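Structure data follow from final_4.txt (compact mmCIF, C-alpha atoms and all ligand atoms):
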```txt
# COMPACT_ATOMS: atom_id res chain seq x y z
CA MET R 1 3.81 24.71 -13.26
CA ALA R 2 3.28 24.30 -9.50
CA PRO R 3 5.54 21.75 -7.77
CA VAL R 4 4.23 18.22 -7.16
CA LYS R 5 2.55 17.97 -3.75
CA TYR R 6 1.28 14.79 -2.09
CA THR R 7 -0.99 15.03 0.95
CA TYR R 8 -1.72 12.18 3.38
CA PHE R 9 -1.61 11.52 7.11
CA ASP R 10 1.75 11.13 8.87
CA VAL R 11 1.64 7.33 8.59
CA ARG R 12 2.33 4.70 5.88
CA GLY R 13 -1.22 3.31 5.56
CA ILE R 14 -2.92 3.38 2.16
CA GLY R 15 -0.92 6.47 1.21
CA GLU R 16 2.56 5.01 1.28
CA THR R 17 2.58 3.34 -2.15
CA ALA R 18 2.39 6.75 -3.88
CA ARG R 19 5.35 8.02 -1.83
CA ILE R 20 7.30 4.91 -2.86
CA LEU R 21 6.44 5.48 -6.54
CA LEU R 22 7.47 9.14 -6.34
CA LYS R 23 10.77 8.13 -4.72
CA TYR R 24 11.32 5.33 -7.24
CA GLY R 25 10.83 7.75 -10.14
CA LYS R 26 12.97 10.46 -8.49
CA ILE R 27 10.03 12.86 -8.83
CA ASP R 28 10.61 15.86 -6.56
CA PHE R 29 7.56 16.38 -4.37
CA GLU R 30 6.36 18.11 -1.25
CA ASP R 31 5.48 15.34 1.23
CA VAL R 32 2.62 16.97 3.17
CA ARG R 33 1.82 14.92 6.29
CA ILE R 34 -1.34 15.95 8.11
CA LYS R 35 -1.42 15.48 11.88
CA LYS R 36 -4.53 13.74 13.24
CA GLU R 37 -5.29 16.70 15.51
CA ASP R 38 -5.27 19.14 12.57
CA TRP R 39 -7.52 16.99 10.37
CA PRO R 40 -10.99 18.26 11.42
CA GLU R 41 -10.02 21.77 10.34
CA ILE R 42 -8.34 20.65 7.11
CA LYS R 43 -10.94 18.05 6.03
CA PRO R 44 -13.49 20.53 4.60
CA THR R 45 -10.78 22.17 2.51
CA THR R 46 -9.81 18.91 0.73
CA PRO R 47 -11.28 17.74 -2.61
CA THR R 48 -13.30 14.81 -1.18
CA GLY R 49 -12.93 15.08 2.60
CA LYS R 50 -10.52 12.13 2.46
CA LEU R 51 -6.78 11.58 2.13
CA PRO R 52 -4.66 11.01 0.10
CA PHE R 53 -4.72 13.42 -2.82
CA LEU R 54 -2.02 14.40 -5.30
CA GLU R 55 -1.37 17.76 -6.94
CA ILE R 56 0.57 17.28 -10.15
CA ASP R 57 0.81 19.20 -13.46
CA ASP R 58 -1.68 21.71 -12.01
CA GLN R 59 -4.27 18.92 -11.63
CA ILE R 60 -5.66 17.31 -8.48
CA VAL R 61 -5.93 13.52 -8.37
CA VAL R 62 -7.92 11.76 -5.62
CA GLU R 63 -8.30 8.09 -4.55
CA SER R 64 -5.21 6.11 -3.63
CA TYR R 65 -5.47 3.57 -6.45
CA ALA R 66 -6.06 6.26 -9.10
CA ILE R 67 -3.00 8.11 -7.79
CA ASN R 68 -0.95 4.89 -7.72
CA ARG R 69 -1.91 4.02 -11.30
CA LEU R 70 -1.11 7.49 -12.62
CA LEU R 71 2.29 7.57 -10.90
CA ALA R 72 3.04 3.96 -11.86
CA ARG R 73 2.43 4.77 -15.53
CA ARG R 74 4.77 7.77 -15.23
CA VAL R 75 7.60 5.84 -13.64
CA GLY R 76 7.19 2.65 -15.70
CA LEU R 77 5.76 0.44 -12.94
CA ALA R 78 2.26 -0.23 -14.27
CA GLY R 79 3.06 -3.52 -16.05
CA LYS R 80 4.67 -3.92 -19.46
CA ASP R 81 1.58 -4.70 -21.54
CA GLU R 82 -2.18 -4.69 -21.13
CA PHE R 83 -2.31 -8.21 -19.70
CA GLU R 84 0.39 -7.46 -17.14
CA GLN R 85 -1.52 -4.29 -16.27
CA ALA R 86 -4.67 -6.36 -15.79
CA ARG R 87 -2.82 -8.73 -13.46
CA VAL R 88 -1.33 -5.80 -11.54
CA ASP R 89 -4.82 -4.35 -11.12
CA ALA R 90 -6.18 -7.76 -10.10
CA VAL R 91 -3.54 -8.29 -7.41
CA ALA R 92 -4.08 -4.77 -6.07
CA ASP R 93 -7.85 -5.42 -5.95
CA ILE R 94 -7.32 -8.77 -4.22
CA ASN R 95 -5.24 -6.92 -1.64
CA LYS R 96 -8.05 -4.40 -1.20
CA ASP R 97 -10.56 -7.24 -0.63
CA PHE R 98 -8.19 -8.75 1.94
CA TYR R 99 -7.93 -5.34 3.65
CA TYR R 100 -11.72 -4.96 3.93
CA MET R 101 -12.15 -8.52 5.23
CA VAL R 102 -9.63 -8.11 8.06
CA ALA R 103 -10.40 -4.44 8.85
CA PRO R 104 -12.69 -5.07 11.90
CA TRP R 105 -9.85 -6.98 13.61
CA PHE R 106 -7.00 -4.82 12.27
CA TYR R 107 -8.43 -1.53 13.54
CA ALA R 108 -9.47 -3.06 16.88
CA ALA R 109 -5.92 -4.41 17.28
CA LYS R 110 -4.56 -0.92 16.55
CA GLY R 111 -6.94 0.52 19.14
CA ASN R 112 -8.91 2.56 16.56
CA LEU R 113 -12.14 0.52 16.76
CA PRO R 114 -13.89 -1.13 19.71
CA GLY R 115 -13.91 -4.89 20.20
CA ASP R 116 -11.77 -7.70 21.59
CA PRO R 117 -8.81 -8.12 19.21
CA ALA R 118 -8.29 -11.80 20.12
CA GLU R 119 -11.91 -12.67 19.34
CA LEU R 120 -11.99 -10.55 16.18
CA LYS R 121 -8.73 -12.10 14.99
CA VAL R 122 -10.31 -15.56 14.88
CA LYS R 123 -13.39 -14.24 13.13
CA HIS R 124 -11.82 -11.84 10.63
CA PHE R 125 -8.11 -12.50 10.25
CA ASP R 126 -7.13 -16.18 10.60
CA ASN R 127 -9.55 -17.52 7.97
CA ASN R 128 -8.94 -14.68 5.53
CA ALA R 129 -5.17 -14.93 5.87
CA ALA R 130 -5.48 -18.63 4.99
CA THR R 131 -7.46 -17.68 1.87
CA PHE R 132 -5.56 -14.64 0.63
CA LEU R 133 -1.90 -15.32 1.47
CA PRO R 134 -1.68 -18.44 -0.76
CA LEU R 135 -3.05 -16.34 -3.63
CA PHE R 136 -0.14 -13.92 -3.36
CA VAL R 137 2.27 -16.89 -3.23
CA LYS R 138 0.62 -18.32 -6.36
CA TYR R 139 1.15 -15.09 -8.33
CA LEU R 140 4.78 -14.83 -7.18
CA LYS R 141 5.47 -18.43 -8.24
CA GLU R 142 3.71 -18.02 -11.58
CA SER R 143 5.66 -14.90 -12.56
CA GLY R 144 9.06 -16.32 -11.64
CA SER R 145 10.41 -12.75 -11.32
CA GLY R 146 10.20 -12.38 -7.55
CA PHE R 147 7.30 -9.96 -8.04
CA VAL R 148 3.69 -10.50 -9.09
CA VAL R 149 4.23 -10.07 -12.83
CA LYS R 150 6.91 -11.49 -15.10
CA SER R 151 8.59 -8.22 -16.12
CA GLY R 152 9.47 -7.30 -12.53
CA VAL R 153 8.36 -4.92 -9.81
CA THR R 154 5.10 -2.92 -10.20
CA TRP R 155 2.91 -0.79 -7.96
CA ALA R 156 0.92 -3.89 -6.96
CA ASP R 157 4.02 -5.20 -5.17
CA PHE R 158 4.19 -2.02 -3.12
CA VAL R 159 0.51 -2.22 -2.18
CA VAL R 160 0.78 -5.87 -1.10
CA THR R 161 4.08 -5.61 0.77
CA GLU R 162 2.98 -2.44 2.58
CA PHE R 163 -0.12 -4.24 3.81
CA LEU R 164 1.77 -7.41 4.80
CA LEU R 165 4.13 -5.21 6.78
CA SER R 166 1.23 -3.48 8.55
CA LEU R 167 -0.35 -6.86 9.35
CA SER R 168 2.92 -8.16 10.76
CA GLU R 169 2.89 -5.30 13.25
CA GLN R 170 -0.47 -6.51 14.66
CA ALA R 171 0.07 -10.27 14.17
CA PRO R 172 3.80 -10.94 14.56
CA GLY R 173 4.82 -14.28 13.06
CA PHE R 174 1.78 -14.61 10.79
CA LEU R 175 4.06 -15.27 7.82
CA GLU R 176 5.82 -18.17 9.55
CA ASP R 177 4.34 -20.69 7.12
CA TYR R 178 4.88 -18.44 4.10
CA PRO R 179 8.64 -18.25 3.43
CA GLU R 180 7.93 -16.92 -0.09
CA LEU R 181 6.17 -13.89 1.42
CA GLN R 182 8.93 -13.33 3.97
CA GLU R 183 11.44 -13.33 1.09
CA TYR R 184 9.15 -11.00 -0.89
CA LEU R 185 9.17 -8.47 1.99
CA ALA R 186 12.96 -8.65 2.15
CA ARG R 187 13.34 -8.43 -1.66
CA ILE R 188 11.31 -5.26 -2.03
CA ARG R 189 13.80 -3.49 0.25
CA THR R 190 16.72 -4.36 -2.02
CA ILE R 191 15.38 -2.53 -5.10
CA PRO R 192 18.29 -0.16 -5.89
CA GLU R 193 16.04 2.89 -6.46
CA LEU R 194 14.37 2.37 -3.05
CA LYS R 195 17.04 0.96 -0.76
CA ASP R 196 17.80 4.33 0.82
CA TYR R 197 14.14 5.25 1.17
CA TYR R 198 13.24 2.01 2.94
CA ALA R 199 16.26 2.37 5.22
CA THR R 200 15.39 5.90 6.33
CA ARG R 201 11.59 6.31 6.07
CA LYS R 202 9.25 6.65 9.01
CA GLU R 203 8.14 3.07 9.69
CA GLU R 204 4.87 3.73 11.51
N1 LIG X 301 -11.01 4.93 -1.20
C1 LIG X 301 -10.22 5.99 -0.63
C2 LIG X 301 -10.27 5.90 0.87
C3 LIG X 301 -9.76 7.16 1.51
C4 LIG X 301 -9.86 7.12 3.01
O1 LIG X 301 -10.80 6.55 3.58
N2 LIG X 301 -8.88 7.74 3.67
C5 LIG X 301 -8.87 7.81 5.09
C6 LIG X 301 -7.44 7.64 5.60
S1 LIG X 301 -6.77 6.06 5.21
C7 LIG X 301 -9.37 9.18 5.54
O2 LIG X 301 -9.24 10.15 4.82
N3 LIG X 301 -9.90 9.25 6.77
C8 LIG X 301 -10.31 10.48 7.37
C9 LIG X 301 -11.77 10.75 7.23
O3 LIG X 301 -12.51 9.93 6.64
O4 LIG X 301 -12.19 11.79 7.73
C10 LIG X 301 -8.77 5.87 -1.15
O5 LIG X 301 -8.33 4.74 -1.43
O6 LIG X 301 -8.10 6.89 -1.30
```
Here is the file; what I need is its structure written in the form of structure tokens.
Ligand SMILES: N[C@@H](CCC(=O)N[C@@H](CS)C(=O)NCC(=O)O)C(=O)O
Amino acid sequence: MAPVKYTYFDVRGIGETARILLKYGKIDFEDVRIKKEDWPEIKPTTPTGKLPFLEIDDQIVVESYAINRLLARRVGLAGKDEFEQARVDAVADINKDFYYMVAPWFYAAKGNLPGDPAELKVKHFDNNAATFLPLFVKYLKESGSGFVVKSGVTWADFVVTEFLLSLSEQAPGFLEDYPELQEYLARIRTIPELKDYYATRKEE
């Protein structure tokens, strides 16, 4: 069987959760990181013209959430029963909604889209942060485990904390009123299987 190969851009972005899952599960893989300047040539050769995609067991898997779910099932981080799995999926989908709501500001702040970041922040970020962040806090409190479901860490925690981290780069201090989320970001880095990875990975 061909070795496992994971292809995404050379950033964390929506592709980082799969890398974290592969590291967590000690699955050997080739971490293919496409440079932005090489993308136009590579794009037509990819399964959907988008990244990421995963080559595993001689199969190709596309779409970040499909990849995350497959890897999470393999490494035991999909939730312990069907109701935990439903909550994991729900939290990941809530995070995706949050991402789409703030995207016009987020990408302007990063310099990837036009527009005045300060103006767009008021319109797209401040109100949505006030709606979505308390939801994450609610799930953390309800589970009592320090993660969004009772049995412990799952792939949803990686999706949420990766995005909170990316937001904190564009809006430093936005978690000031959310100590539970600050602790959540610190906690994820203490998971024994991932401590080394978080300490040494490329942070961009
Ligand atoms: N729904 C897809 C979105 C994939 C996607 O839009 N990927 C972006 C990078 S984050 C991409 O490939 N952009 C390059 C392009 O569209 O040409 C997923 O979650 O995998």
Per residue of chain R within 7 Å of ligand LIG 301 (chain X), what are the shortest atom pair and its distance in Å to one decimal, counting all atoms listed in the file, with rows by chain and residue number, as JSON lines?
```
{"residue": "R:Gly13", "atom": "CA", "partner": "X:LIG301", "partner_atom": "S1", "distance": 6.2}
{"residue": "R:Ile14", "atom": "CA", "partner": "X:LIG301", "partner_atom": "S1", "distance": 5.6}
{"residue": "R:Lys43", "atom": "CA", "partner": "X:LIG301", "partner_atom": "O4", "distance": 6.6}
{"residue": "R:Gly49", "atom": "CA", "partner": "X:LIG301", "partner_atom": "O4", "distance": 6.1}
{"residue": "R:Lys50", "atom": "CA", "partner": "X:LIG301", "partner_atom": "O2", "distance": 3.3}
{"residue": "R:Leu51", "atom": "CA", "partner": "X:LIG301", "partner_atom": "O2", "distance": 3.9}
{"residue": "R:Pro52", "atom": "CA", "partner": "X:LIG301", "partner_atom": "O6", "distance": 5.5}
{"residue": "R:Val62", "atom": "CA", "partner": "X:LIG301", "partner_atom": "O6", "distance": 6.5}
{"residue": "R:Glu63", "atom": "CA", "partner": "X:LIG301", "partner_atom": "O6", "distance": 3.5}
{"residue": "R:Ser64", "atom": "CA", "partner": "X:LIG301", "partner_atom": "O6", "distance": 3.8}
{"residue": "R:Tyr65", "atom": "CA", "partner": "X:LIG301", "partner_atom": "O5", "distance": 5.9}
```
Restricting the output to C-alpha atoms, write the selected residues as a PDB file, in the coordinates of the input.
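Okay, selection_8.pdb is ready:
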```pdb
ATOM      1  CA  GLY R  13      -1.220   3.310   5.560  1.00  0.00           C
ATOM      2  CA  ILE R  14      -2.920   3.380   2.160  1.00  0.00           C
ATOM      3  CA  LYS R  43     -10.940  18.050   6.030  1.00  0.00           C
ATOM      4  CA  GLY R  49     -12.930  15.080   2.600  1.00  0.00           C
ATOM      5  CA  LYS R  50     -10.520  12.130   2.460  1.00  0.00           C
ATOM      6  CA  LEU R  51      -6.780  11.580   2.130  1.00  0.00           C
ATOM      7  CA  PRO R  52      -4.660  11.010   0.100  1.00  0.00           C
ATOM      8  CA  VAL R  62      -7.920  11.760  -5.620  1.00  0.00           C
ATOM      9  CA  GLU R  63      -8.300   8.090  -4.550  1.00  0.00           C
ATOM     10  CA  SER R  64      -5.210   6.110  -3.630  1.00  0.00           C
ATOM     11  CA  TYR R  65      -5.470   3.570  -6.450  1.00  0.00           C
TER      12      TYR R  65
END
```
Requested in this report: Can you pull out every residue within 12 Å of stretch 73-82 of chain R, counting all atoms listed in the file, but drop anything in the same chain fewer than 3 positions away, and send it as a ChimeraX atom specification?
Outcome: /R:17-18,20-27,56,65-70,85-92,147-158,193
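You can rank R:Ile94, R:Leu164, R:Met1, R:Ala171 by their closest distance to R:Val122 using only C-alpha atoms, and at the top of that list sits R:Ala171.
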Report task. Name the residues in contact with R:Leu135 at a cut-off of 12 Å, using only C-alpha atoms, excluding same-chain residues fewer than 2 positions from it; report them as a ChimeraX atom specification. Result -> /R:90-92,94-95,98,128-133,137-142,148,160,178,180-181
Query raised in the report: Which value, in Å to one decimal, gives the distance between atom CA of R:Trp105 and atom CA of R:Lys123?
Result: 8.1 Å
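The smallest atom-to-atom distance between R:Ser168 and any of R:Phe53, R:Phe125, R:Tyr198, R:Phe136, using all atoms listed in the file, is found for R:Phe125.
Between R:Thr161 and the candidates R:Tyr99, R:Tyr197, R:Tyr8, R:Tyr184, the tightest atom-to-atom separation, counting all atoms listed in the file, involves R:Tyr184.
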